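Trainee: Structure supplied as my_file19.txt; contents: compact mmCIF, C-alpha atoms and all ligand atoms.
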# COMPACT_ATOMS: atom_id res chain seq x y z
CA MET I 1 16.34 24.39 24.81
CA GLU I 2 15.61 27.48 26.87
CA LYS I 3 13.62 28.90 23.95
CA ILE I 4 11.56 25.75 23.58
CA GLN I 5 10.90 25.58 27.29
CA LYS I 6 9.79 29.21 27.32
CA ALA I 7 7.44 28.62 24.37
CA LEU I 8 6.08 25.55 26.13
CA GLU I 9 5.66 27.31 29.46
CA LYS I 10 3.92 30.26 27.81
CA ALA I 11 1.58 27.99 25.88
CA ARG I 12 0.91 25.93 28.99
CA GLU I 13 0.06 29.04 31.04
CA GLN I 14 -2.27 30.18 28.27
CA ARG I 15 -3.95 26.80 28.21
CA GLU I 16 -4.38 26.79 31.96
CA ASP I 17 -5.87 30.28 31.78
CA THR I 18 -8.60 29.10 29.45
CA GLY I 19 -9.67 26.40 31.90
CA ARG I 20 -10.70 24.27 28.92
CA PRO I 21 -11.66 20.66 29.40
CA SER I 22 -9.06 18.20 28.21
CA ILE I 23 -11.31 16.94 25.43
CA PRO I 24 -13.19 19.72 23.65
CA HIS I 25 -16.97 19.63 23.50
CA ARG I 26 -16.94 19.77 19.72
CA SER I 27 -14.84 16.61 19.72
CA ARG I 28 -17.19 14.83 22.05
CA ALA I 29 -20.14 15.77 19.87
CA ALA I 30 -18.35 14.57 16.76
CA HIS I 31 -17.33 11.45 18.62
CA GLN I 32 -20.90 10.71 19.59
CA ARG I 33 -22.22 11.34 16.09
CA ASN I 34 -20.04 8.69 14.51
CA LEU I 35 -21.75 5.36 14.35
CA PRO I 36 -19.65 2.71 16.00
CA ILE I 37 -18.14 0.21 13.65
CA VAL I 38 -17.11 -2.67 15.82
CA PRO I 39 -14.07 -4.39 14.44
CA GLU I 40 -13.25 -7.94 15.20
CA GLU I 41 -11.92 -8.56 18.65
CA ILE I 42 -8.20 -8.05 19.07
CA THR I 43 -6.82 -11.13 20.70
CA TYR I 44 -3.21 -12.04 20.91
CA ALA I 45 -3.73 -15.78 20.66
CA GLN I 46 -3.25 -15.90 16.90
CA THR I 47 -0.71 -13.10 16.70
CA ARG I 48 2.29 -13.86 14.53
CA VAL I 49 5.48 -14.02 16.59
CA VAL I 50 8.65 -12.64 15.01
CA ASP I 51 12.03 -12.94 16.69
CA THR I 52 14.17 -9.86 17.12
CA THR I 53 17.81 -9.95 18.11
CA GLU I 54 19.23 -7.77 20.87
CA SER I 55 22.12 -6.52 18.75
CA GLY I 56 19.76 -5.67 15.89
CA LEU I 57 17.58 -3.64 18.24
CA HIS I 58 20.63 -1.87 19.63
CA ASP I 59 21.81 -0.95 16.12
CA ARG I 60 18.46 0.67 15.46
CA ARG I 61 18.59 2.55 18.81
CA ILE I 62 15.87 0.44 20.39
CA ILE I 63 17.51 0.37 23.77
CA ALA I 64 14.64 0.39 26.28
CA GLY I 65 14.92 -3.36 26.75
CA LEU I 66 18.67 -3.37 27.31
CA THR I 67 19.68 -3.40 30.95
CA HIS I 68 23.22 -2.16 30.36
CA HIS I 69 22.61 0.80 28.09
CA GLU I 70 23.11 4.30 29.46
CA LEU I 71 19.94 5.61 27.78
CA SER I 72 17.67 2.79 29.01
CA ASP I 73 17.24 4.81 32.20
CA THR I 74 15.84 7.69 30.18
CA PHE I 75 12.99 5.53 29.00
CA ARG I 76 12.46 4.08 32.45
CA VAL I 77 12.01 7.64 33.76
CA LEU I 78 9.63 8.44 30.90
CA ARG I 79 7.74 5.19 31.51
CA THR I 80 7.31 5.99 35.20
CA GLN I 81 6.02 9.46 34.45
CA VAL I 82 3.67 8.26 31.74
CA MET I 83 2.33 5.43 33.92
CA LYS I 84 1.75 7.85 36.78
CA THR I 85 -0.28 10.13 34.55
CA LEU I 86 -2.24 7.31 32.90
CA SER I 87 -3.05 5.70 36.26
CA ALA I 88 -4.04 8.98 37.92
CA SER I 89 -6.38 9.83 35.04
CA GLY I 90 -7.68 6.36 34.27
CA PHE I 91 -6.33 6.69 30.72
CA SER I 92 -5.09 3.83 28.59
CA THR I 93 -4.50 5.43 25.18
CA LEU I 94 -1.56 7.69 24.36
CA GLY I 95 -0.63 9.36 21.07
CA ILE I 96 2.95 10.37 20.33
CA THR I 97 3.53 13.14 17.84
CA SER I 98 5.89 15.98 16.91
CA PRO I 99 5.76 19.09 14.74
CA ASN I 100 7.72 17.60 11.81
CA ARG I 101 9.03 14.30 10.58
CA GLY I 102 12.36 12.90 11.75
CA GLU I 103 12.15 14.34 15.26
CA GLY I 104 11.99 11.00 17.05
CA LYS I 105 8.32 10.03 17.33
CA THR I 106 8.86 6.45 16.28
CA LEU I 107 11.98 5.94 18.33
CA THR I 108 10.20 7.33 21.40
CA SER I 109 7.03 5.29 20.75
CA VAL I 110 8.91 2.02 20.30
CA ASN I 111 11.21 2.49 23.28
CA LEU I 112 8.36 3.60 25.53
CA ALA I 113 6.18 0.67 24.41
CA ILE I 114 8.97 -1.83 25.17
CA SER I 115 9.69 -0.18 28.49
CA LEU I 116 6.02 -0.32 29.47
CA ALA I 117 5.60 -3.93 28.35
CA MET I 118 8.65 -4.96 30.36
CA HIS I 119 7.55 -3.28 33.52
CA ILE I 120 3.82 -3.61 33.85
CA THR I 121 1.49 -6.51 33.90
CA ARG I 122 -0.70 -4.86 31.27
CA THR I 123 -0.33 -5.65 27.61
CA VAL I 124 0.83 -2.92 25.27
CA LEU I 125 -0.43 -2.42 21.75
CA LEU I 126 1.77 -0.19 19.59
CA VAL I 127 -0.05 1.14 16.52
CA ASP I 128 1.90 2.65 13.63
CA MET I 129 -0.45 5.39 12.46
CA ASP I 130 2.10 7.13 10.26
CA LEU I 131 0.64 5.56 7.15
CA ARG I 132 2.68 7.80 4.80
CA ARG I 133 6.05 7.12 6.40
CA PRO I 134 5.64 3.96 8.46
CA SER I 135 8.68 2.84 10.38
CA VAL I 136 7.73 0.93 13.55
CA HIS I 137 8.32 -2.33 11.66
CA THR I 138 11.82 -1.27 10.64
CA CYS I 139 12.75 -0.66 14.29
CA PHE I 140 12.03 -4.35 14.89
CA ASP I 141 13.37 -5.38 11.49
CA ILE I 142 10.04 -6.89 10.59
CA THR I 143 8.58 -7.15 7.12
CA PRO I 144 4.86 -7.14 7.83
CA GLU I 145 2.61 -9.17 5.61
CA ALA I 146 -0.17 -6.66 6.17
CA GLY I 147 -0.90 -3.66 8.33
CA LEU I 148 -3.38 -1.03 9.46
CA ALA I 149 -3.75 0.45 5.97
CA ASP I 150 -4.68 -2.98 4.55
CA TYR I 151 -7.20 -3.50 7.36
CA LEU I 152 -8.73 -0.06 6.81
CA LEU I 153 -8.89 -0.57 3.06
CA GLY I 154 -11.01 -3.55 3.83
CA ASP I 155 -9.30 -6.60 2.47
CA VAL I 156 -7.37 -7.97 5.46
CA ALA I 157 -8.49 -9.18 8.88
CA LEU I 158 -7.04 -7.33 11.85
CA SER I 159 -5.74 -10.55 13.37
CA ASP I 160 -3.61 -11.05 10.24
CA CYS I 161 -1.90 -7.69 10.82
CA LEU I 162 -0.83 -8.07 14.46
CA VAL I 163 2.74 -9.05 15.21
CA ASN I 164 4.48 -9.95 18.46
CA PRO I 165 8.15 -8.96 18.14
CA GLY I 166 9.31 -11.71 20.47
CA MET I 167 8.70 -9.66 23.61
CA GLU I 168 6.20 -10.56 26.26
CA ARG I 169 3.04 -8.44 26.44
CA LEU I 170 3.95 -6.31 23.39
CA VAL I 171 1.93 -6.45 20.20
CA ILE I 172 2.48 -4.28 17.15
CA LEU I 173 -0.04 -3.17 14.60
CA PRO I 174 2.24 -2.16 11.70
CA ALA I 175 1.06 0.54 9.32
CA GLY I 176 1.14 -1.36 6.07
CA GLY I 177 1.33 0.95 3.09
CA PRO I 178 3.07 3.35 2.70
CA LEU I 179 0.22 5.46 1.35
CA ARG I 180 0.51 8.75 -0.49
CA SER I 181 -2.48 10.15 1.35
CA SER I 182 -3.87 8.93 4.63
CA SER I 183 -6.20 11.63 5.99
CA GLU I 184 -9.37 9.96 4.76
CA LEU I 185 -8.40 6.56 6.11
CA ILE I 186 -7.40 7.94 9.50
CA ALA I 187 -10.67 9.86 9.76
CA SER I 188 -12.72 6.90 8.48
CA PRO I 189 -15.49 5.32 10.62
CA LYS I 190 -13.53 2.06 10.49
CA MET I 191 -10.48 3.69 12.09
CA ILE I 192 -12.62 5.45 14.68
CA GLY I 193 -14.36 2.16 15.45
CA LEU I 194 -10.98 0.48 15.89
CA ALA I 195 -9.75 3.24 18.22
CA ARG I 196 -12.88 2.86 20.35
CA GLU I 197 -12.61 -0.87 20.34
CA VAL I 198 -8.99 -1.07 21.45
CA LYS I 199 -9.72 1.40 24.23
CA SER I 200 -12.89 -0.12 25.58
CA ARG I 201 -12.64 -3.87 25.17
CA TYR I 202 -9.60 -4.39 27.40
CA PRO I 203 -9.30 -1.46 29.80
CA ASP I 204 -6.08 -2.90 31.16
CA ARG I 205 -4.28 -2.64 27.85
CA VAL I 206 -2.15 0.41 27.11
CA VAL I 207 -2.38 1.57 23.49
CA ILE I 208 0.38 3.75 22.05
CA TYR I 209 -0.21 5.44 18.71
CA ASP I 210 2.89 6.48 16.77
CA LEU I 211 1.16 9.38 15.02
CA PRO I 212 2.11 11.41 11.93
CA PRO I 213 3.63 14.88 12.45
CA VAL I 214 1.23 17.67 13.37
CA LEU I 215 2.37 20.29 10.85
CA THR I 216 2.61 18.28 7.64
CA SER I 217 -0.99 17.10 7.40
CA ASP I 218 -4.26 17.27 9.27
CA ASP I 219 -4.17 13.52 10.09
CA THR I 220 -2.97 13.87 13.65
CA VAL I 221 -5.08 16.76 14.87
CA GLY I 222 -8.15 15.09 13.42
CA PHE I 223 -7.42 11.79 15.13
CA LEU I 224 -6.38 13.13 18.54
CA GLN I 225 -9.98 13.38 19.70
CA HIS I 226 -9.99 9.56 19.78
CA VAL I 227 -6.89 9.36 21.97
CA GLU I 228 -7.07 10.23 25.65
CA CYS I 229 -3.75 12.02 25.90
CA CYS I 230 -0.63 12.78 23.91
CA LEU I 231 3.10 13.35 24.21
CA LEU I 232 4.97 15.83 22.05
CA VAL I 233 8.46 14.96 20.84
CA LEU I 234 10.74 17.87 20.00
CA GLN I 235 14.28 17.71 18.72
CA GLU I 236 16.62 19.98 20.56
CA GLY I 237 18.46 22.38 18.28
CA SER I 238 16.33 21.37 15.30
CA THR I 239 12.63 21.89 16.01
CA ARG I 240 12.06 25.59 15.40
CA LYS I 241 10.41 27.79 17.98
CA GLY I 242 7.71 28.87 15.51
CA ASP I 243 6.93 25.21 14.77
CA VAL I 244 6.64 24.46 18.47
CA GLN I 245 4.24 27.35 18.91
CA ARG I 246 2.15 26.43 15.86
CA THR I 247 2.00 22.83 17.08
CA LEU I 248 0.94 23.87 20.57
CA ASN I 249 -1.75 26.06 19.05
CA LEU I 250 -3.04 23.13 16.99
CA LEU I 251 -2.99 20.86 20.06
CA GLU I 252 -4.92 23.41 22.10
CA GLY I 253 -7.78 21.68 23.89
CA TYR I 254 -6.24 18.24 23.58
CA ASN I 255 -4.67 16.53 26.52
CA LEU I 256 -0.95 17.13 26.10
CA ILE I 257 0.59 15.40 29.10
CA GLY I 258 4.24 16.10 28.41
CA THR I 259 7.09 16.82 26.07
CA VAL I 260 10.12 14.72 25.24
CA LEU I 261 13.23 16.65 24.21
CA ASN I 262 14.84 14.17 21.86
CA LYS I 263 18.53 14.24 21.03
CA SER I 264 18.91 16.55 23.97
CA SER I 265 22.24 17.03 25.66
CA GLU I 266 20.21 16.32 28.79
CA MET I 267 18.61 13.21 27.27
CA GLN I 268 19.31 11.35 30.53
CA GLN I 269 16.43 13.29 32.06
CA PRO I 270 13.64 13.81 29.55
CA TYR I 271 11.88 17.13 29.97
CA TYR I 272 8.34 16.23 30.83
N1 LIG Y 1 18.01 10.44 20.24
C1 LIG Y 1 18.43 10.01 19.04
N2 LIG Y 1 19.73 9.78 18.83
C2 LIG Y 1 20.18 9.35 17.63
N3 LIG Y 1 19.36 9.13 16.57
C3 LIG Y 1 18.06 9.33 16.71
C4 LIG Y 1 17.51 9.79 17.95
N4 LIG Y 1 16.17 9.91 17.80
C5 LIG Y 1 15.89 9.55 16.52
N5 LIG Y 1 17.02 9.21 15.88
C6 LIG Y 1 17.11 8.75 14.48
O1 LIG Y 1 16.55 9.77 13.67
C7 LIG Y 1 15.77 9.19 12.63
C8 LIG Y 1 14.32 9.72 12.75
O2 LIG Y 1 13.77 9.23 13.97
P1 LIG Y 1 12.27 8.71 14.01
O3 LIG Y 1 11.99 8.25 15.37
O4 LIG Y 1 12.04 7.74 12.89
O5 LIG Y 1 11.51 10.08 13.69
P2 LIG Y 1 9.96 10.32 13.34
O6 LIG Y 1 9.21 9.10 13.68
O7 LIG Y 1 9.61 11.52 14.17
O8 LIG Y 1 9.93 10.64 11.87
C9 LIG Y 1 15.87 7.68 12.79
O9 LIG Y 1 16.88 7.19 11.95
C10 LIG Y 1 16.26 7.50 14.23
O10 LIG Y 1 16.99 6.31 14.46
MG MG Y 2 8.05 7.85 12.46
Could I get this file's structure written as structure tokens?

Mentor:
Amino acid sequence: MEKIQKALEKAREQREDTGRPSIPHRSRAAHQRNLPIVPEEITYAQTRVVDTTESGLHDRRIIAGLTHHELSDTFRVLRTQVMKTLSASGFSTLGITSPNRGEGKTLTSVNLAISLAMHITRTVLLVDMDLRRPSVHTCFDITPEAGLADYLLGDVALSDCLVNPGMERLVILPAGGPLRSSSELIASPKMIGLAREVKSRYPDRVVIYDLPPVLTSDDTVGFLQHVECCLLVLQEGSTRKGDVQRTLNLLEGYNLIGTVLNKSSEMQQPYY
């Protein structure tokens, strides 16, 4: 953990030294060049409601909603810190990523989304962007009829993809798929239009993107320009120092607001 913290501190100091803006100019220019594709309005009125059981959630380590679980506090702390940052910056969109797969992105995204939806009066939209290895739906034990990939491929309406997992103020956009390749879809004008739409139409809504890993494809780094800030999940004792450094280099110029040390012996207090 010390090694990871040192790598993070060093990278952070280097970033601060550059005095770069949180969103690079090249991203803004690219952002402006893309013609907006306005997707249909996301409303929750027609969203399919699926019931989830408490014991099922617990078995899949979705514990943010449980009052008597020792780790629920961890996500409450994370929620407070994230909310503070979002409120202070006027942000409403957050991407969650990690260097590699299996480091806890989805578990963090789902637990944080539940924790936020339980606490705040804003609605939370959780988008499964890991189109190659989707798993948000499995956390809720949902079998989606359609998802983001189906919407982006053009044959399904967005409203037919949204699911409410039986929790107030939380809506899921499952990934659909899985796809063998997703870079083109994630970089497509339709996806960019959707990202703009979910951000701008309801400023009070918090949008959490469960993103693909940074090091296994260019999906995430390409998409981050459309997300206001991001969290990096690292797995203590597993994520290698070189991978952390390479990830931080790739995230340079993007708005990394914190790091979650997953599976940490100090998991009670997420490093942030
Ligand atoms: N803190 C943790 N303690 C125990 N198991 C965990 C923890 N974080 C993740 N896992 C498990 O590890 C696996 C990978 O986690 P996941 O969140 O799906 O990773 P990713 O989305 O980064 O690929 C899942 O089976 C998940 O339940
Ligand atoms: Mg995942």

Trainee: Write out as a PDB file with C-alpha atoms, in the frame of the given file the residues lying within 9 Å of Asn111 of chain I, counting all atoms listed in the file and excluding same-chain residues fewer than 2 positions away.

Mentor:
ATOM      1  CA  ARG I  61      18.590   2.550  18.810  1.00  0.00           C
ATOM      2  CA  ILE I  62      15.870   0.440  20.390  1.00  0.00           C
ATOM      3  CA  ILE I  63      17.510   0.370  23.770  1.00  0.00           C
ATOM      4  CA  ALA I  64      14.640   0.390  26.280  1.00  0.00           C
ATOM      5  CA  GLY I  65      14.920  -3.360  26.750  1.00  0.00           C
ATOM      6  CA  SER I  72      17.670   2.790  29.010  1.00  0.00           C
ATOM      7  CA  PHE I  75      12.990   5.530  29.000  1.00  0.00           C
ATOM      8  CA  THR I 106       8.860   6.450  16.280  1.00  0.00           C
ATOM      9  CA  LEU I 107      11.980   5.940  18.330  1.00  0.00           C
ATOM     10  CA  THR I 108      10.200   7.330  21.400  1.00  0.00           C
ATOM     11  CA  SER I 109       7.030   5.290  20.750  1.00  0.00           C
ATOM     12  CA  ALA I 113       6.180   0.670  24.410  1.00  0.00           C
ATOM     13  CA  ILE I 114       8.970  -1.830  25.170  1.00  0.00           C
ATOM     14  CA  SER I 115       9.690  -0.180  28.490  1.00  0.00           C
ATOM     15  CA  LEU I 116       6.020  -0.320  29.470  1.00  0.00           C
TER      16      LEU I 116
END

Trainee: May I have the residues within 12 Å of Ile142 of chain I as a list in words, using only C-alpha atoms and disregarding those fewer than 3 positions away in the same chain?

Mentor: Arg48, Val49, Val50, Asp51, Thr52, Thr53, Gly56, Leu57, Pro134, Ser135, Val136, His137, Thr138, Cys139, Glu145, Ala146, Gly147, Cys161, Leu162, Val163, Asn164, Pro165, Gly166, Ile172, Leu173, Pro174, Ala175 and Gly176 of chain I

Trainee: If we count only C-alpha atoms, what is near Arg205 of chain I at a cut-off of 12 Å, once residues fewer than 6 positions away on the same chain are taken out, given as a PyMOL selection string?

Mentor: chain I and resi 42-44+86-87+90-94+113+116-117+120-126+169-171+197-199

Trainee: Using only C-alpha atoms and all ligand atoms, which residues have at least one atom no more than 9 Å from ligand LIG 1 (chain Y)? Output them as number ranges by chain.

Mentor: I: 59-62, 97-110, 130, 133-136, 139, 210-213, 233-235, 261-264, 267

Trainee: What's the separation between atom CA of Ser181 of chain I and atom CA of Asp150 of chain I, in Å to one decimal place?

Mentor: 13.7 Å

Trainee: Nearest residue to ligand MG 2 (chain Y) out of I:Asp218, I:Met129, I:His119, I:Cys230, using all atoms listed in the file?

Mentor: I:Met129

Trainee: Determine the nearest neighbour of Thr239 of chain I from the options I:Ala195, I:Val260, I:Ile96, I:Val127, counting all atoms listed in the file.

Mentor: I:Val260

Trainee: Which residue out of I:Val207, I:Val214, I:Ile186, I:Leu248 has the minimum interatomic distance to ligand MG 2 (chain Y) when all atoms listed in the file are used?

Mentor: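 Selected residue with least distance to ligand MG 2 (chain Y): I:Val214.
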
Trainee: With all atoms listed in the file as the basis for distance, which of I:Val206, I:Ile257, I:Val244, I:Leu215 is at the shortest distance from Cys229 of chain I?

Mentor: I:Ile257

Trainee: What does the structure give for the distance between atom CA of Asn255 of chain I and atom CA of Leu231 of chain I, in Å to one decimal?

Mentor: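 Computing the Euclidean distance for atom CA of Asn255 of chain I and atom CA of Leu231 of chain I yields 8.7 Å.
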
Trainee: What separation in Å, quoted to one decimal, exists between atom CA of Met191 of chain I and atom CA of Phe223 of chain I?

Mentor: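 Atom CA of Phe223 of chain I lies at a distance of 9.2 Å from atom CA of Met191 of chain I.
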
Trainee: Which of these, I:Thr85, I:Tyr209, I:Tyr202, I:Leu153, has the shortest distance to ligand MG 2 (chain Y) once you count only C-alpha atoms and all ligand atoms?

Mentor: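 Of I:Thr85, I:Tyr209, I:Tyr202, I:Leu153, the one nearest ligand MG 2 (chain Y) is I:Tyr209, counting only C-alpha atoms and all ligand atoms.
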
Trainee: Between I:Gln225, I:Ser182, I:Thr259, I:Thr216, which is the closest to Arg196 of chain I once you count all atoms listed in the file?

Mentor: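 Using all atoms listed in the file, Arg196 of chain I sits closest to I:Gln225.
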
Trainee: Edge lengths and centre in Å to one decimal, as JSON, of the axis-aligned box that encloses all listed atoms of segment 168-182 of chain I with 6 Å added on every side?

Mentor:
{"center_x": 1.2, "center_y": -0.2, "center_z": 13.0, "size_x": 22.1, "size_y": 32.7, "size_z": 38.9}
